[in-house]
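Note: the block below is query34.cif and it holds mmCIF, C-alpha atoms.
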```cif
data_final
#
loop_
_atom_site.label_atom_id
_atom_site.label_comp_id
_atom_site.auth_asym_id
_atom_site.auth_seq_id
_atom_site.Cartn_x
_atom_site.Cartn_y
_atom_site.Cartn_z
CA MET A 1 -28.29 -30.24 -23.85
CA ALA A 2 -30.51 -29.18 -26.75
CA SER A 3 -30.42 -31.18 -29.95
CA SER A 4 -28.50 -29.74 -32.87
CA ILE A 5 -28.63 -30.45 -36.57
CA VAL A 6 -25.60 -30.45 -38.83
CA ASN A 7 -26.34 -30.32 -42.56
CA VAL A 8 -23.41 -31.14 -44.80
CA PRO A 9 -23.02 -31.93 -48.51
CA CYS A 10 -22.56 -35.62 -49.25
CA ASN A 11 -21.43 -37.40 -52.39
CA VAL A 12 -22.43 -40.84 -51.16
CA GLN A 13 -24.46 -42.57 -53.91
CA ALA A 14 -26.77 -44.41 -51.57
CA ILE A 15 -27.21 -44.93 -47.87
CA LYS A 16 -28.55 -48.21 -46.67
CA GLY A 17 -28.71 -48.71 -42.92
CA LEU A 18 -25.74 -46.61 -41.79
CA ASP A 19 -23.79 -48.35 -39.02
CA CYS A 20 -20.98 -47.19 -36.74
CA GLN A 21 -18.28 -48.51 -39.05
CA ASN A 22 -19.35 -46.80 -42.24
CA TYR A 23 -20.52 -43.26 -41.46
CA ILE A 24 -18.41 -40.45 -42.82
CA GLY A 25 -16.25 -38.08 -40.79
CA LEU A 26 -17.49 -39.25 -37.38
CA ARG A 27 -16.20 -41.67 -34.79
CA PRO A 28 -18.27 -44.16 -32.74
CA SER A 29 -19.51 -42.90 -29.39
CA ARG A 30 -21.57 -44.62 -26.75
CA ASN A 31 -23.34 -41.33 -26.02
CA LEU A 32 -24.44 -40.59 -29.57
CA LYS A 33 -27.46 -41.84 -31.49
CA PHE A 34 -27.54 -40.77 -35.13
CA ASN A 35 -30.57 -40.37 -37.35
CA CYS A 36 -29.46 -40.19 -40.96
CA VAL A 37 -31.67 -39.03 -43.80
CA ARG A 38 -30.85 -38.87 -47.52
CA THR A 39 -32.33 -35.85 -49.19
CA GLY A 40 -33.14 -35.33 -52.80
CA THR A 41 -30.85 -33.66 -55.30
CA THR A 42 -31.74 -30.57 -57.29
CA ALA A 43 -29.83 -28.35 -59.65
CA ARG A 44 -29.45 -25.71 -56.98
CA ARG A 45 -28.98 -27.83 -53.89
CA PRO A 46 -26.62 -30.80 -53.57
CA ARG A 47 -27.58 -33.98 -51.79
CA LEU A 48 -27.29 -33.43 -48.02
CA PHE A 49 -26.37 -35.76 -45.20
CA VAL A 50 -28.27 -34.76 -42.03
CA VAL A 51 -26.88 -35.79 -38.65
CA ARG A 52 -28.82 -35.17 -35.45
CA ALA A 53 -26.91 -35.50 -32.19
CA SER A 54 -29.06 -36.77 -29.36
CA GLU A 55 -29.38 -34.94 -26.03
CA LYS A 56 -27.07 -37.48 -24.41
CA ASN A 57 -24.07 -35.98 -26.17
CA ASP A 58 -21.88 -34.01 -23.72
CA GLY A 59 -18.98 -33.39 -26.11
CA PRO A 60 -18.48 -30.84 -28.87
CA VAL A 61 -19.99 -31.32 -32.30
CA LYS A 62 -17.46 -33.00 -34.58
CA LYS A 63 -16.06 -31.16 -37.57
CA MET A 64 -17.09 -32.59 -40.94
CA GLY A 65 -14.04 -31.52 -42.90
CA LEU A 66 -15.86 -28.95 -45.04
CA SER A 67 -14.10 -26.08 -46.72
CA ASP A 68 -15.06 -22.48 -45.99
CA GLU A 69 -16.62 -22.24 -49.46
CA GLU A 70 -18.84 -25.29 -48.85
CA CYS A 71 -20.01 -23.90 -45.49
CA GLU A 72 -20.80 -20.54 -47.05
CA ALA A 73 -22.61 -22.14 -50.00
CA ALA A 74 -24.82 -24.12 -47.64
CA VAL A 75 -25.80 -20.96 -45.75
CA VAL A 76 -26.43 -19.02 -48.97
CA ALA A 77 -28.68 -21.85 -50.13
CA GLY A 78 -30.76 -21.40 -47.00
CA ASN A 79 -29.43 -24.47 -45.24
CA VAL A 80 -28.44 -22.66 -42.03
CA PRO A 81 -27.23 -24.88 -39.17
CA LYS A 82 -29.45 -24.66 -36.13
CA ALA A 83 -28.16 -23.19 -32.87
CA PRO A 84 -29.49 -23.73 -29.37
CA PRO A 85 -32.81 -21.98 -28.70
CA VAL A 86 -33.03 -18.52 -27.18
CA PRO A 87 -32.97 -18.85 -23.36
CA ARG A 88 -36.30 -18.44 -21.62
CA LYS A 89 -36.78 -15.11 -19.87
CA PRO A 90 -36.68 -15.76 -16.10
CA ALA A 91 -40.01 -15.29 -14.38
CA ALA A 92 -40.45 -12.68 -11.68
CA PRO A 93 -41.58 -13.86 -8.25
CA VAL A 94 -45.29 -14.04 -7.52
CA GLY A 95 -46.65 -10.68 -6.47
CA THR A 96 -44.20 -8.60 -8.46
CA PRO A 97 -46.02 -5.50 -9.70
CA VAL A 98 -46.36 -5.08 -13.44
CA VAL A 99 -45.03 -1.63 -14.33
CA PRO A 100 -43.89 0.05 -17.53
CA SER A 101 -40.14 0.34 -18.03
CA LEU A 102 -38.60 3.53 -16.73
CA PRO A 103 -37.63 5.90 -19.59
CA LEU A 104 -33.89 5.73 -18.84
CA ASN A 105 -31.30 6.45 -21.53
CA ARG A 106 -28.52 5.21 -19.30
CA ARG A 107 -28.60 2.27 -16.90
CA PRO A 108 -25.21 1.93 -15.13
CA ARG A 109 -26.15 -1.54 -13.89
CA ARG A 110 -25.72 -2.87 -17.43
CA ASN A 111 -21.95 -2.67 -16.95
CA ARG A 112 -22.13 -4.63 -13.69
CA LYS A 113 -24.32 -7.54 -14.72
CA SER A 114 -21.65 -10.24 -14.94
CA PRO A 115 -18.24 -10.99 -13.43
CA VAL A 116 -16.61 -10.64 -16.84
CA LEU A 117 -18.08 -7.18 -17.45
CA ARG A 118 -17.22 -6.03 -13.94
CA ALA A 119 -13.64 -7.13 -14.46
CA ALA A 120 -13.44 -5.48 -17.87
CA PHE A 121 -14.60 -2.11 -16.55
CA GLN A 122 -12.72 -2.18 -13.25
CA GLU A 123 -11.05 1.20 -12.90
CA THR A 124 -8.55 0.32 -10.17
CA GLN A 125 -6.20 -2.65 -10.27
CA LEU A 126 -4.36 -4.17 -7.33
CA SER A 127 -1.15 -6.13 -7.80
CA PRO A 128 1.62 -7.51 -5.56
CA ALA A 129 3.88 -5.02 -7.34
CA ASN A 130 1.97 -2.24 -5.54
CA PHE A 131 3.02 -3.51 -2.10
CA VAL A 132 5.98 -2.56 0.06
CA TYR A 133 6.36 -5.04 2.93
CA PRO A 134 7.34 -3.48 6.29
CA LEU A 135 9.58 -5.84 8.27
CA PHE A 136 10.76 -5.54 11.86
CA ILE A 137 14.26 -6.80 12.57
CA HIS A 138 16.33 -7.34 15.70
CA GLU A 139 19.73 -8.67 16.73
CA GLY A 140 18.41 -12.01 18.00
CA GLU A 141 18.38 -15.26 16.06
CA GLU A 142 14.78 -16.21 16.85
CA ASP A 143 11.67 -14.63 15.38
CA THR A 144 9.75 -13.00 18.22
CA PRO A 145 5.95 -12.60 17.83
CA ILE A 146 4.52 -9.10 18.31
CA GLY A 147 1.53 -9.36 20.63
CA ALA A 148 -0.39 -6.39 19.28
CA MET A 149 0.16 -7.39 15.64
CA PRO A 150 -0.94 -11.02 15.06
CA GLY A 151 1.12 -12.64 12.33
CA CYS A 152 3.98 -10.13 12.60
CA TYR A 153 7.38 -10.79 14.17
CA ARG A 154 10.63 -9.19 15.09
CA LEU A 155 12.70 -11.16 12.61
CA GLY A 156 16.23 -12.30 13.24
CA TRP A 157 18.22 -10.35 10.67
CA ARG A 158 20.41 -13.30 9.61
CA HIS A 159 17.74 -15.97 9.18
CA GLY A 160 14.10 -14.99 9.65
CA LEU A 161 14.44 -11.83 7.59
CA VAL A 162 15.94 -13.63 4.60
CA GLU A 163 13.28 -16.35 4.77
CA GLU A 164 10.40 -13.85 4.97
CA VAL A 165 11.74 -11.87 2.03
CA GLY A 166 12.00 -15.11 0.06
CA LYS A 167 8.33 -15.90 0.77
CA ALA A 168 7.30 -12.42 -0.35
CA ARG A 169 9.27 -12.64 -3.59
CA ASP A 170 7.61 -15.97 -4.38
CA VAL A 171 4.24 -14.19 -4.67
CA GLY A 172 5.46 -11.07 -6.45
CA VAL A 173 6.29 -8.70 -3.57
CA ASN A 174 9.81 -7.47 -4.29
CA SER A 175 9.94 -4.32 -2.15
CA VAL A 176 10.51 -4.16 1.59
CA VAL A 177 11.07 -1.46 4.20
CA LEU A 178 13.13 -2.20 7.31
CA PHE A 179 12.46 -1.08 10.88
CA PRO A 180 15.03 -1.99 13.57
CA LYS A 181 14.57 -2.90 17.24
CA VAL A 182 17.79 -1.39 18.57
CA PRO A 183 19.27 -2.60 21.89
CA ASP A 184 18.69 -0.06 24.65
CA ALA A 185 22.41 0.04 25.41
CA LEU A 186 23.04 1.54 21.95
CA LYS A 187 20.47 4.31 22.28
CA SER A 188 21.53 7.88 23.05
CA SER A 189 20.08 11.36 23.18
CA ALA A 190 21.66 12.24 19.81
CA GLY A 191 20.90 8.85 18.19
CA ASP A 192 24.44 8.35 16.90
CA GLU A 193 23.83 4.63 16.30
CA ALA A 194 21.56 5.66 13.41
CA TYR A 195 24.58 6.21 11.13
CA ASN A 196 26.79 3.35 12.30
CA ASP A 197 27.88 1.66 9.05
CA ASN A 198 28.00 -1.65 10.87
CA GLY A 199 24.68 -1.15 12.64
CA LEU A 200 21.68 -3.46 12.40
CA VAL A 201 20.05 -1.86 9.36
CA PRO A 202 23.20 -1.52 7.19
CA ARG A 203 24.12 -5.12 7.96
CA ALA A 204 20.63 -6.32 7.03
CA ILE A 205 20.72 -4.32 3.78
CA ARG A 206 24.04 -5.82 2.74
CA LEU A 207 22.82 -9.33 3.57
CA LEU A 208 19.61 -8.94 1.56
CA LYS A 209 21.37 -7.38 -1.42
CA ASP A 210 23.87 -10.23 -1.43
CA LYS A 211 21.04 -12.78 -1.45
CA TYR A 212 18.54 -10.89 -3.65
CA PRO A 213 20.35 -8.27 -5.77
CA ASP A 214 17.17 -7.04 -7.47
CA LEU A 215 15.23 -6.57 -4.22
CA VAL A 216 14.08 -2.96 -3.73
CA ILE A 217 14.97 -1.90 -0.18
CA TYR A 218 13.35 1.10 1.46
CA THR A 219 14.73 2.36 4.77
CA ASP A 220 13.34 4.49 7.56
CA VAL A 221 15.22 7.74 8.24
CA ALA A 222 14.38 8.95 11.76
CA LEU A 223 16.03 8.93 15.18
CA ASP A 224 13.25 7.40 17.31
CA PRO A 225 14.54 3.78 17.18
CA TYR A 226 17.98 5.05 18.24
CA SER A 227 16.97 7.78 20.67
CA SER A 228 16.99 7.26 24.42
CA ASP A 229 14.08 9.72 24.49
CA GLY A 230 11.97 7.87 21.92
CA HIS A 231 11.48 10.96 19.76
CA ASP A 232 12.22 11.38 16.06
CA GLY A 233 14.70 14.15 16.79
CA ILE A 234 17.18 15.45 19.34
CA VAL A 235 15.43 16.68 22.48
CA ARG A 236 16.56 19.87 24.22
CA GLU A 237 16.53 19.92 28.01
CA ASP A 238 13.27 21.89 28.02
CA GLY A 239 11.58 19.22 25.87
CA VAL A 240 11.78 21.04 22.53
CA ILE A 241 12.62 18.89 19.50
CA MET A 242 15.58 20.54 17.78
CA ASN A 243 15.00 20.78 14.03
CA ASP A 244 18.25 21.71 12.28
CA GLU A 245 20.48 19.61 14.54
CA THR A 246 18.22 16.63 13.92
CA VAL A 247 18.43 17.17 10.14
CA HIS A 248 22.22 17.05 10.42
CA GLN A 249 21.97 13.57 11.99
CA LEU A 250 19.40 12.41 9.46
CA CYS A 251 21.70 13.27 6.58
CA LYS A 252 24.42 11.07 8.03
CA GLN A 253 21.88 8.28 8.59
CA ALA A 254 20.62 8.45 5.00
CA VAL A 255 24.17 8.37 3.58
CA SER A 256 25.03 5.35 5.74
CA GLN A 257 21.97 3.48 4.48
CA ALA A 258 22.73 4.39 0.86
CA ARG A 259 26.31 3.22 1.32
CA ALA A 260 24.99 -0.17 2.49
CA GLY A 261 22.87 -0.52 -0.67
CA ALA A 262 19.47 1.03 0.10
CA ASP A 263 17.44 1.91 -2.99
CA VAL A 264 15.05 4.38 -1.34
CA VAL A 265 15.61 6.32 1.89
CA SER A 266 12.42 7.40 3.64
CA PRO A 267 12.56 10.33 6.07
CA SER A 268 9.65 9.82 8.50
CA ASP A 269 10.72 12.44 11.06
CA MET A 270 8.74 15.42 9.73
CA MET A 271 11.54 17.92 10.42
CA ASP A 272 11.46 21.06 8.25
CA GLY A 273 13.93 21.15 5.36
CA ARG A 274 15.20 17.60 5.72
CA ILE A 275 14.39 16.50 2.13
CA GLY A 276 16.59 19.14 0.54
CA ALA A 277 19.40 18.55 3.01
CA ILE A 278 19.31 14.76 2.52
CA ARG A 279 19.25 15.14 -1.28
CA GLU A 280 22.29 17.37 -1.13
CA ALA A 281 24.12 14.98 1.23
CA LEU A 282 23.37 11.94 -0.96
CA ASP A 283 24.47 13.69 -4.14
CA ALA A 284 27.68 14.91 -2.50
CA GLU A 285 28.58 11.30 -1.65
CA GLY A 286 27.85 10.00 -5.16
CA PHE A 287 24.41 8.55 -4.42
CA GLN A 288 22.45 10.45 -7.04
CA HIS A 289 20.67 7.20 -7.96
CA VAL A 290 19.19 6.72 -4.47
CA SER A 291 15.56 7.89 -4.26
CA ILE A 292 13.87 9.76 -1.43
CA MET A 293 10.37 8.79 -0.31
CA SER A 294 9.25 11.59 1.95
CA TYR A 295 6.69 11.07 4.68
CA THR A 296 5.01 14.21 3.38
CA ALA A 297 1.76 14.08 5.35
CA LYS A 298 2.48 12.10 8.51
CA TYR A 299 -0.17 12.79 11.09
CA ALA A 300 0.09 12.64 14.89
CA SER A 301 -2.22 9.65 14.86
CA SER A 302 -3.44 7.24 17.52
CA PHE A 303 -3.21 4.39 14.99
CA TYR A 304 0.53 3.89 15.59
CA GLY A 305 0.32 2.11 18.95
CA PRO A 306 1.13 -1.48 17.86
CA PHE A 307 4.12 -0.26 15.83
CA ARG A 308 5.66 1.42 18.84
CA GLU A 309 5.25 -1.79 20.81
CA ALA A 310 7.01 -3.66 18.02
CA LEU A 311 10.07 -1.41 18.21
CA ASP A 312 9.81 -0.32 21.84
CA SER A 313 9.96 3.25 20.55
CA ASN A 314 7.30 5.05 22.58
CA PRO A 315 8.31 8.59 23.56
CA ARG A 316 9.67 8.67 27.09
CA PHE A 317 7.67 11.85 27.67
CA GLY A 318 5.15 14.03 25.88
CA ASP A 319 3.95 13.35 22.36
CA LYS A 320 4.95 14.06 18.76
CA LYS A 321 2.48 16.81 17.98
CA THR A 322 5.09 19.54 17.51
CA TYR A 323 6.45 17.83 14.39
CA GLN A 324 3.76 15.42 13.15
CA MET A 325 0.65 16.97 11.60
CA ASN A 326 -2.65 17.71 13.29
CA PRO A 327 -5.27 15.13 12.16
CA ALA A 328 -7.76 18.00 11.85
CA ASN A 329 -5.74 19.70 9.09
CA TYR A 330 -6.28 19.24 5.37
CA ARG A 331 -4.78 22.25 3.59
CA GLU A 332 -1.55 21.94 5.55
CA ALA A 333 -0.79 18.78 3.57
CA LEU A 334 -0.47 20.94 0.46
CA VAL A 335 2.15 23.07 2.17
CA GLU A 336 4.21 19.97 2.96
CA THR A 337 3.68 18.65 -0.58
CA HIS A 338 4.96 21.79 -2.26
CA GLU A 339 7.99 21.96 0.05
CA ASP A 340 8.96 18.31 -0.47
CA GLU A 341 8.56 18.57 -4.25
CA SER A 342 10.71 21.68 -4.43
CA GLU A 343 13.40 20.07 -2.26
CA GLY A 344 13.74 17.00 -4.47
CA ALA A 345 11.49 14.24 -3.13
CA ASP A 346 10.87 11.37 -5.54
CA ILE A 347 7.84 9.85 -3.80
CA LEU A 348 5.27 11.44 -1.45
CA LEU A 349 3.77 9.37 1.37
CA VAL A 350 0.61 9.75 3.47
CA LYS A 351 0.41 8.11 6.88
CA PRO A 352 -1.93 6.63 8.16
CA GLY A 353 -3.78 5.25 5.16
CA LEU A 354 -7.49 4.38 5.31
CA PRO A 355 -8.59 7.18 7.69
CA TYR A 356 -6.79 9.67 5.43
CA LEU A 357 -8.11 8.78 1.98
CA ASP A 358 -8.99 12.42 1.40
CA ILE A 359 -5.36 13.41 1.93
CA ILE A 360 -4.16 10.73 -0.49
CA ARG A 361 -6.54 12.09 -3.11
CA LEU A 362 -5.45 15.66 -2.33
CA LEU A 363 -1.81 14.81 -3.02
CA ARG A 364 -2.74 12.78 -6.10
CA ASP A 365 -4.66 15.72 -7.58
CA ASN A 366 -1.92 18.23 -6.83
CA SER A 367 1.28 16.37 -7.66
CA SER A 368 2.61 14.38 -10.57
CA LEU A 369 4.97 12.43 -8.28
CA PRO A 370 4.20 8.85 -7.24
CA ILE A 371 2.02 8.71 -4.12
CA ALA A 372 2.54 6.16 -1.35
CA ALA A 373 0.14 5.26 1.45
CA TYR A 374 1.07 3.56 4.72
CA GLN A 375 -1.58 1.19 6.05
CA VAL A 376 -0.33 1.44 9.61
CA SER A 377 -0.19 -1.03 12.47
CA GLY A 378 -3.46 0.10 14.04
CA GLU A 379 -5.35 -0.47 10.79
CA TYR A 380 -3.76 -3.89 10.43
CA SER A 381 -4.47 -4.95 14.01
CA MET A 382 -8.11 -3.85 13.92
CA ILE A 383 -8.79 -5.94 10.81
CA LYS A 384 -6.99 -8.90 12.37
CA ALA A 385 -8.95 -8.55 15.63
CA GLY A 386 -12.26 -8.25 13.79
CA GLY A 387 -11.46 -11.38 11.84
CA VAL A 388 -10.57 -13.38 14.96
CA LEU A 389 -13.85 -12.32 16.60
CA LYS A 390 -15.76 -13.31 13.43
CA MET A 391 -17.21 -9.82 13.24
CA ILE A 392 -15.89 -9.34 9.71
CA ASP A 393 -14.48 -11.48 6.92
CA GLU A 394 -10.78 -10.70 7.40
CA GLU A 395 -9.69 -11.53 3.89
CA LYS A 396 -12.44 -9.57 2.16
CA VAL A 397 -11.98 -6.52 4.39
CA MET A 398 -8.21 -6.70 3.90
CA MET A 399 -8.54 -6.71 0.12
CA GLU A 400 -11.21 -4.01 0.11
CA SER A 401 -9.11 -1.72 2.30
CA LEU A 402 -6.10 -2.10 0.01
CA MET A 403 -8.23 -1.47 -3.08
CA CYS A 404 -9.60 1.69 -1.47
CA LEU A 405 -6.09 3.02 -0.91
CA ARG A 406 -5.31 2.41 -4.58
CA ARG A 407 -8.60 3.98 -5.67
CA ALA A 408 -7.84 7.11 -3.65
CA GLY A 409 -4.65 7.55 -5.66
CA ALA A 410 -1.86 5.57 -3.99
CA ASP A 411 0.64 4.05 -6.43
CA ILE A 412 2.30 1.94 -3.74
CA ILE A 413 1.07 0.77 -0.35
CA LEU A 414 3.20 -0.01 2.67
CA THR A 415 1.18 -2.75 4.37
CA TYR A 416 1.76 -5.56 6.85
CA PHE A 417 -0.77 -7.50 4.76
CA ALA A 418 1.62 -7.55 1.78
CA LEU A 419 2.41 -11.26 1.92
CA GLN A 420 -1.13 -12.37 2.79
CA ALA A 421 -2.75 -10.13 0.20
CA ALA A 422 -0.29 -11.16 -2.52
CA LYS A 423 -1.15 -14.81 -1.88
CA CYS A 424 -4.81 -13.98 -2.38
CA LEU A 425 -4.07 -12.15 -5.61
CA CYS A 426 -2.05 -15.14 -6.79
CA GLY A 427 -5.03 -17.40 -6.19
CA GLU A 428 -3.70 -19.25 -3.19
CA LYS A 429 -6.17 -20.48 -0.59
CA ARG A 430 -6.27 -19.16 2.91
#
```

Entire entry expressed as structure tokens:
Amino acid sequence: MASSIVNVPCNVQAIKGLDCQNYIGLRPSRNLKFNCVRTGTTARRPRLFVVRASEKNDGPVKKMGLSDEECEAAVVAGNVPKAPPVPRKPAAPVGTPVVPSLPLNRRPRRNRKSPVLRAAFQETQLSPANFVYPLFIHEGEEDTPIGAMPGCYRLGWRHGLVEEVGKARDVGVNSVVLFPKVPDALKSSAGDEAYNDNGLVPRAIRLLKDKYPDLVIYTDVALDPYSSDGHDGIVREDGVIMNDETVHQLCKQAVSQARAGADVVSPSDMMDGRIGAIREALDAEGFQHVSIMSYTAKYASSFYGPFREALDSNPRFGDKKTYQMNPANYREALVETHEDESEGADILLVKPGLPYLDIIRLLRDNSSLPIAAYQVSGEYSMIKAGGVLKMIDEEKVMMESLMCLRRAGADIILTYFALQAAKCLCGEKR
């Protein structure tokens, strides 16, 4: 520590061998050695008491009890307290060429030169409030691990679900979306179990609302967990997915979920016209306050594999390309956006997330509605696998991927990392 000099006015008549019991305004310290000098008195300058703190002092300089006027008078008189010296300019390594400075009016690196500046100018913020936590539930009492999704479980709806929601709330995540593993015996070609008021999802909603009244519960509106065919809609005998008949079932499903206490119903089926029909059905039953988050741009992606293992909801035949979007299409997302907006959607969702950042930005630039992104199971599992193999830093990649979704324009993110990422944001250690 550099030496400092404090010059203060002193009315002491004489100073003879100052000791640690008699100096003014200071307390004894083993780390301090004081050199005291009495200065002369003139008409313009009062007698001064000069105290020099030695380099051994690690504490702050003690206040001398001077008024603001006395401090200002000392500075006006030219008796300016000394500050630490200007830091030495760091030397360049040997061999560095000597060149004239580039004639740059703007150097963007100036705003990145310290952690404080980088934080001050950060354009995108990430918070636990931005996360919606997808949770898998089943009828069993034990939490069953999902092999393809390390760290994720089929949670028992009476115990494990409540405990996991409690952990999420502790770190600021207060929104969840529920996905049910329905017993095969309850599945049918028309998916009637989807609107059973005493089914797995309505029971779980009522339980969570009883325990956590302010929890925001999103639900999935689609027939695939309830369909014996594994498709999001009713399948005709020739394999065609029937649109309008499916929408009829989805309306009953959404009303059942709203009746149980859902805050946001989320049609993920991609049937034409289902947003307007669901809005009308909800309003007719008195659920005008229930929001609709539409899976507006849900692509027929290969990133969904682990999710389908989690719910045992793989199609029994064919694929979902006649109702989910072609990954090659960009402009088509605008068509879906305009339709969902006009039909009454409250939130627009893009799925998957990271491979479709351009679609998130497209919706953000063309709609004033909140935009959601779903960081799907395949994205989650790849990051987890890379971390286990030590090919990447799991935590850093996780946080970067979530920040990228926010930067692209997502207001909320459905992510299986919600709990883990929120802990990081709250400063908890891995």

Length of the CA of Tyr218 in chain A to CA of Lys396 in chain A vector [Å] | 27.9 Å

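Applied to the file shown here, the PyMOL selection byres ((chain A and resi 315-329) around 8) selects the residues Ser228, Asp229, Gly230, His231, Ile241, Asp269, Met270, Met271, Ala297, Lys298, Tyr299, Ala300, Ser301, Ser313, Asn314, Tyr330, Arg331, Glu332 and Ala333 of chain A.
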
Evaluate the PyMOL selection byres ((chain A and resi 409) around 10) on the structure here and hand back the selected residues as a PyMOL selection string.
-> chain A and resi 124+357-365+370-373+404-408+410-412

Would you mind listing what lies within 10 Å of Ala185 in chain A as a PyMOL selection string, with all atoms listed in the file counted and same-chain residues fewer than 2 positions away left out?
-> chain A and resi 182-183+187-188+226+228

For CA of Cys251 in chain A and CA of Arg154 in chain A, quote the distance in Å rounded to one decimal.
-> 26.4 Å

Box for range 330-348 of chain A - axis-aligned, 6 Å on each of the six sides, all listed atoms - centre and size in Å to one decimal, as AutoDock Vina command-line options.
```
--center_x 3.7 --center_y 16.5 --center_z 0.0 --size_x 32.0 --size_y 25.2 --size_z 23.1
```

One decimal, Å: what's the distance from CA of Glu72 in chain A over to CA of Pro60 in chain A, could you say?
->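 Pair CA of Glu72 in chain A / CA of Pro60 in chain A returns 21.0 Å.
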
Spatial neighbours of Phe136 in chain A, max dist 8 Å, all atoms listed in the file, sep filter under 6 positions, as a ChimeraX atom specification | /A:153-155,178-181,310-311

Reference answer for the PyMOL selection byres ((chain A and resi 381-386) around 8), as a PyMOL selection string | chain A and resi 148-150+306+377-380+387-394+397-398

Cut-off 9 Å around (12.6, 7.3, -1.9) with only C-alpha atoms: residues as a list in words = Tyr218, Thr219, Asp263, Val264, Val265, Ser266, Pro267, Val290, Ser291, Ile292, Met293, Ser294, Ala345, Asp346, Ile347 and Leu348 of chain A

Find the residues near Leu282 in chain A: any atom within 12 Å, counting all atoms listed in the file, skip ones fewer than 4 places away on the same chain, and give them as a PyMOL selection string.
-> chain A and resi 250-259+262-265+274-278+286-292+344

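For the choices A:Glu285, A:Phe417, A:Lys351, A:Ser342, the atom-to-atom distance to Ser302 in chain A is smallest for A:Lys351 when using all atoms listed in the file.
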
Using all atoms listed in the file, which of the listed residues (A:Val165, A:Ile413, A:Ala129, A:Leu349) sits closest to Leu425 in chain A?
->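 Ranking A:Val165, A:Ile413, A:Ala129, A:Leu349 by distance to Leu425 in chain A, first place goes to A:Ala129.
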
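Checking A:Ser368, A:Leu161, A:Glu400, A:Thr296 one by one against Val350 in chain A, counting all atoms listed in the file, you find the shortest gap at A:Thr296.
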